[in-house]
Amino acid sequence: MSEKVVLAIDVGSQSTRAALVNAGGELLAFAKKPSPPIKRPAPGGFESEADAFFDDVLQTARNALAEAPGSATDVGAVVLCAQRGTTVFCDAHGRPLHPAVLWCDERHAEDLTPLPFWLRCALPLIRADSVVEQLRRRSPANRMRHAQSHVYGSSDRIALLSSWLVFRLTGRWIDSTASQVGFVPFDFRRHRWYPPTHWRWRALALKPSQLPDLVAPGEVLGPLSASVADAVGLPRETNVIAAATDKACEVLGSGAVDPRDEVISLGTAAALVRPSHRFRHIEPFRPAFPSACPGRYLLETQIDCGMARITALMDSEGLNNRAIEQGWIDDTLRTIPAGAGGLRANSTLPARFSPSEGIYAQAFDARPDEITPAAATRALLEGLALELRQVHNRFSARFGAPDRVLLGGGGAQSPAFVQLLASVLNRPLRRPVETETGVLGAAMCAAPLVWSAPSIAHAATTMSCASTTINPVPELVRFFDRL
């Protein structure tokens, strides 16, 4: 290899991926490793060992470099994106004091420190009291403060997973402004921490000293530490570049930077996202998130239980959960008629199914012997598609109909599911030829520094992969309109 490449790493909910990406957006080498095992310490609890995430980062990076011998000297930068909302409690040396609390953790804080009197009086006047209450109860720091006070009291740092991984890579507590999506006092309008005197610090039981310094996407976070560079096999002066959350990188990797674009992310958690040049609220008290393009925003609604439904179904059946790669979804959608024989998924589903708790009971109020896995798969996918249709219609009514709808995430690898979704939405969908849009979008964040691209947004237009258009099937359109 002679051209400069970027080593891009995506630490997602299902797996960690690493790729060598060139200036044309080609993935020259690729490696993937399943995410660390999930622990269930209590009902609604979801945790994984933080060190296992970092081990996966090193392993996938080594494997990607091994696919292209001699490529290490051509790596111009390392860039990393990670799942949002996962929290790591660690000591002054960055050593985890507790397993990482995953974004899908459903436990709530039972005891909360009272807010200032003036704030308790003001919040009901703007109808924000219930929103702030829910925010505080879902905060991992607030729950840990009372449920495991010894961990909270010993935590010198309470960091999102991306911040902790950057620390492990560089030895510096620093992160991207576009990675701060979680229970942290981040000003989504101005892309910075709120001032230390702001009430959000107290509401979320955090201190400024516990959180990292911030830089914009595309800026240098710092060079790899000597130990990490040696462990991976890269030159010690290799810089780590700031990127964004995994969803934001996925949107960028799909080529969506125009407000008239819409991206449907078919990941563990499904989401519908619109790029925006200005800050807006999707609905009251739900702010736009930071885009991977500095100074821009993403309007997003998330469906927590997206393709995780199929993973849980495979687990409950004792099957390999690589349902998409092995063609399970495509085969099922071809053999089971639309409507799944009248089977319908419950309207309210947990963020993550637990096989031990019975996916059939949770999703269908039925016994496993009454439902075939194929019919359950079809029903879950149709339910997800119909949920996305509702969100798409709301977004179109609020922000205008999009000019094009692009796809990202693991679910986009299934042509049959994309065909189903196109028919439910009754509009053409653009499916990327290269489905690893997360690592591709992360690599785009390094383009201005490594390849002298004019901007990250410009890199998205020149590096985004080709796509195929999948059109609705008229018979299915009519069926789902009636449904």
# chains A, B, ... in the order shown; residues from 1 in each chain; ligands from 1
>>> residues_around(residues="range 193-207 of chain A", least_positions_apart="2", cutoff="12 Å", atoms="only C-alpha atoms", output="PyMOL selection string")
chain A and resi 89+109+112-120+123+129+131-146+149+152-153+155-159+175-178+180-191+209-215
>>> closest_atom_pairs(of="range 208-263 of chain A", to="range 389-405 of chain A", cutoff="7 Å", atoms="only C-alpha atoms", output="Markdown table")
| residue | atom | partner | partner_atom | distance |
| --- | --- | --- | --- | --- |
| A:Arg260 | CA | A:Pro402 | CA | 4.9 |
| A:Asp261 | CA | A:Arg404 | CA | 5.4 |
| A:Glu262 | CA | A:Val405 | CA | 4.8 |
| A:Val263 | CA | A:Val405 | CA | 5.7 |
>>> residues_around(residues="Val101 in chain A", least_positions_apart="4", cutoff="7 Å", atoms="only C-alpha atoms", output="list in words")
Phe46, Glu47, Ser48, Thr86, Thr87, Val88 and Asp105 of chain A
>>> residues_around(residues="range 297-303 of chain A", least_positions_apart="3", cutoff="10 Å", atoms="only C-alpha atoms", output="number ranges by chain")
A: 178, 188-189, 191, 247-248, 251, 257, 259, 262-283, 286-294, 306-307, 349, 351, 384, 387-388, 391-392, 395, 399
>>> closest_residue(among="A:Cys121, A:Ala100, A:Ala385, A:Leu406", to="Val151 in chain A", atoms="only C-alpha atoms")
A:Ala100
>>> atom_distance(atom1="CA of Leu165 in chain A", atom2="CA of Gly12 in chain A")
12.8 Å
>>> decode(residues="range 106-119 of chain A", atoms="all heavy atoms", output="JSON list (two decimals), in the first residue's frame")
[["chain", "number", "residue", "atom", "x", "y", "z"],
["A", 106, "GLU", "N", -32.41, -0.56, 31.95],
["A", 106, "GLU", "CA", -33.76, -0.05, 32.25],
["A", 106, "GLU", "C", -33.98, 0.26, 33.72],
["A", 106, "GLU", "O", -35.09, 0.63, 34.12],
["A", 106, "GLU", "CB", -34.80, -1.07, 31.78],
["A", 106, "GLU", "CG", -34.77, -1.32, 30.28],
["A", 106, "GLU", "CD", -35.61, -2.51, 29.86],
["A", 106, "GLU", "OE1", -35.84, -3.39, 30.71],
["A", 106, "GLU", "OE2", -36.03, -2.54, 28.70],
["A", 107, "ARG", "N", -32.95, 0.13, 34.55],
["A", 107, "ARG", "CA", -33.12, 0.40, 35.98],
["A", 107, "ARG", "C", -33.22, 1.90, 36.24],
["A", 107, "ARG", "O", -32.61, 2.70, 35.53],
["A", 107, "ARG", "CB", -31.95, -0.19, 36.76],
["A", 107, "ARG", "CG", -31.92, -1.72, 36.76],
["A", 107, "ARG", "CD", -30.64, -2.25, 37.35],
["A", 107, "ARG", "NE", -29.48, -1.97, 36.50],
["A", 107, "ARG", "CZ", -28.24, -2.34, 36.78],
["A", 107, "ARG", "NH1", -28.00, -3.00, 37.90],
["A", 107, "ARG", "NH2", -27.26, -2.06, 35.96],
["A", 108, "HIS", "N", -34.00, 2.26, 37.24],
["A", 108, "HIS", "CA", -34.20, 3.66, 37.59],
["A", 108, "HIS", "C", -33.69, 3.94, 38.99],
["A", 108, "HIS", "O", -33.70, 3.06, 39.85],
["A", 108, "HIS", "CB", -35.69, 4.02, 37.50],
["A", 108, "HIS", "CG", -36.18, 4.14, 36.11],
["A", 108, "HIS", "ND1", -37.43, 4.64, 35.80],
["A", 108, "HIS", "CD2", -35.63, 3.81, 34.91],
["A", 108, "HIS", "CE1", -37.61, 4.62, 34.49],
["A", 108, "HIS", "NE2", -36.53, 4.12, 33.93],
["A", 109, "ALA", "N", -33.28, 5.17, 39.21],
["A", 109, "ALA", "CA", -32.89, 5.60, 40.56],
["A", 109, "ALA", "C", -34.14, 5.69, 41.43],
["A", 109, "ALA", "O", -35.15, 6.28, 41.03],
["A", 109, "ALA", "CB", -32.20, 6.96, 40.48],
["A", 110, "GLU", "N", -34.06, 5.09, 42.59],
["A", 110, "GLU", "CA", -35.21, 5.10, 43.50],
["A", 110, "GLU", "C", -35.20, 6.33, 44.41],
["A", 110, "GLU", "O", -36.26, 6.86, 44.75],
["A", 110, "GLU", "CB", -35.19, 3.82, 44.36],
["A", 110, "GLU", "CG", -35.32, 2.54, 43.55],
["A", 110, "GLU", "CD", -36.63, 2.46, 42.78],
["A", 110, "GLU", "OE1", -37.63, 3.03, 43.25],
["A", 110, "GLU", "OE2", -36.64, 1.83, 41.70],
["A", 111, "ASP", "N", -34.02, 6.78, 44.80],
["A", 111, "ASP", "CA", -33.90, 7.95, 45.69],
["A", 111, "ASP", "C", -33.15, 9.04, 44.96],
["A", 111, "ASP", "O", -32.09, 8.80, 44.37],
["A", 111, "ASP", "CB", -33.15, 7.58, 46.97],
["A", 111, "ASP", "CG", -33.88, 6.52, 47.78],
["A", 111, "ASP", "OD1", -35.06, 6.71, 48.04],
["A", 111, "ASP", "OD2", -33.24, 5.49, 48.11],
["A", 112, "LEU", "N", -33.69, 10.24, 45.00],
["A", 112, "LEU", "CA", -33.06, 11.37, 44.33],
["A", 112, "LEU", "C", -32.84, 12.51, 45.32],
["A", 112, "LEU", "O", -33.69, 12.80, 46.17],
["A", 112, "LEU", "CB", -33.95, 11.88, 43.18],
["A", 112, "LEU", "CG", -34.16, 10.93, 42.00],
["A", 112, "LEU", "CD1", -35.19, 11.50, 41.03],
["A", 112, "LEU", "CD2", -32.85, 10.67, 41.27],
["A", 113, "THR", "N", -31.68, 13.14, 45.19],
["A", 113, "THR", "CA", -31.41, 14.32, 46.00],
["A", 113, "THR", "C", -32.31, 15.46, 45.55],
["A", 113, "THR", "O", -32.41, 15.73, 44.34],
["A", 113, "THR", "CB", -29.93, 14.73, 45.85],
["A", 113, "THR", "OG1", -29.10, 13.62, 46.23],
["A", 113, "THR", "CG2", -29.61, 15.94, 46.72],
["A", 114, "PRO", "N", -33.00, 16.14, 46.45],
["A", 114, "PRO", "CA", -33.93, 17.21, 46.04],
["A", 114, "PRO", "C", -33.24, 18.30, 45.25],
["A", 114, "PRO", "O", -32.09, 18.68, 45.52],
["A", 114, "PRO", "CB", -34.47, 17.74, 47.37],
["A", 114, "PRO", "CG", -34.27, 16.63, 48.34],
["A", 114, "PRO", "CD", -33.01, 15.93, 47.90],
["A", 115, "LEU", "N", -33.93, 18.81, 44.24],
["A", 115, "LEU", "CA", -33.45, 19.96, 43.48],
["A", 115, "LEU", "C", -33.66, 21.23, 44.27],
["A", 115, "LEU", "O", -34.45, 21.26, 45.23],
["A", 115, "LEU", "CB", -34.20, 20.04, 42.14],
["A", 115, "LEU", "CG", -33.93, 18.92, 41.13],
["A", 115, "LEU", "CD1", -34.89, 19.04, 39.95],
["A", 115, "LEU", "CD2", -32.49, 18.97, 40.64],
["A", 116, "PRO", "N", -32.99, 22.31, 43.89],
["A", 116, "PRO", "CA", -33.23, 23.58, 44.59],
["A", 116, "PRO", "C", -34.71, 23.96, 44.56],
["A", 116, "PRO", "O", -35.43, 23.67, 43.61],
["A", 116, "PRO", "CB", -32.37, 24.58, 43.80],
["A", 116, "PRO", "CG", -31.32, 23.75, 43.14],
["A", 116, "PRO", "CD", -31.95, 22.43, 42.85],
["A", 117, "PHE", "N", -35.14, 24.65, 45.61],
["A", 117, "PHE", "CA", -36.56, 25.00, 45.75],
["A", 117, "PHE", "C", -37.06, 25.80, 44.55],
["A", 117, "PHE", "O", -38.14, 25.56, 44.03],
["A", 117, "PHE", "CB", -36.77, 25.79, 47.04],
["A", 117, "PHE", "CG", -38.18, 26.29, 47.21],
["A", 117, "PHE", "CD1", -39.20, 25.42, 47.58],
["A", 117, "PHE", "CD2", -38.49, 27.63, 46.98],
["A", 117, "PHE", "CE1", -40.51, 25.88, 47.73],
["A", 117, "PHE", "CE2", -39.78, 28.10, 47.13],
["A", 117, "PHE", "CZ", -40.79, 27.22, 47.50],
["A", 118, "TRP", "N", -36.25, 26.78, 44.11],
["A", 118, "TRP", "CA", -36.69, 27.62, 42.99],
["A", 118, "TRP", "C", -36.91, 26.81, 41.73],
["A", 118, "TRP", "O", -37.83, 27.10, 40.94],
["A", 118, "TRP", "CB", -35.67, 28.73, 42.74],
["A", 118, "TRP", "CG", -34.34, 28.23, 42.21],
["A", 118, "TRP", "CD1", -33.24, 27.92, 42.93],
["A", 118, "TRP", "CD2", -33.99, 28.01, 40.83],
["A", 118, "TRP", "NE1", -32.22, 27.49, 42.11],
["A", 118, "TRP", "CE2", -32.65, 27.54, 40.82],
["A", 118, "TRP", "CE3", -34.67, 28.15, 39.63],
["A", 118, "TRP", "CZ2", -32.00, 27.22, 39.64],
["A", 118, "TRP", "CZ3", -34.01, 27.83, 38.44],
["A", 118, "TRP", "CH2", -32.69, 27.37, 38.46],
["A", 119, "LEU", "N", -36.07, 25.75, 41.55],
["A", 119, "LEU", "CA", -36.21, 24.93, 40.35],
["A", 119, "LEU", "C", -37.44, 24.04, 40.45],
["A", 119, "LEU", "O", -38.16, 23.84, 39.45],
["A", 119, "LEU", "CB", -34.95, 24.09, 40.16],
["A", 119, "LEU", "CG", -34.85, 23.30, 38.85],
["A", 119, "LEU", "CD1", -34.94, 24.22, 37.64],
["A", 119, "LEU", "CD2", -33.56, 22.50, 38.81]]
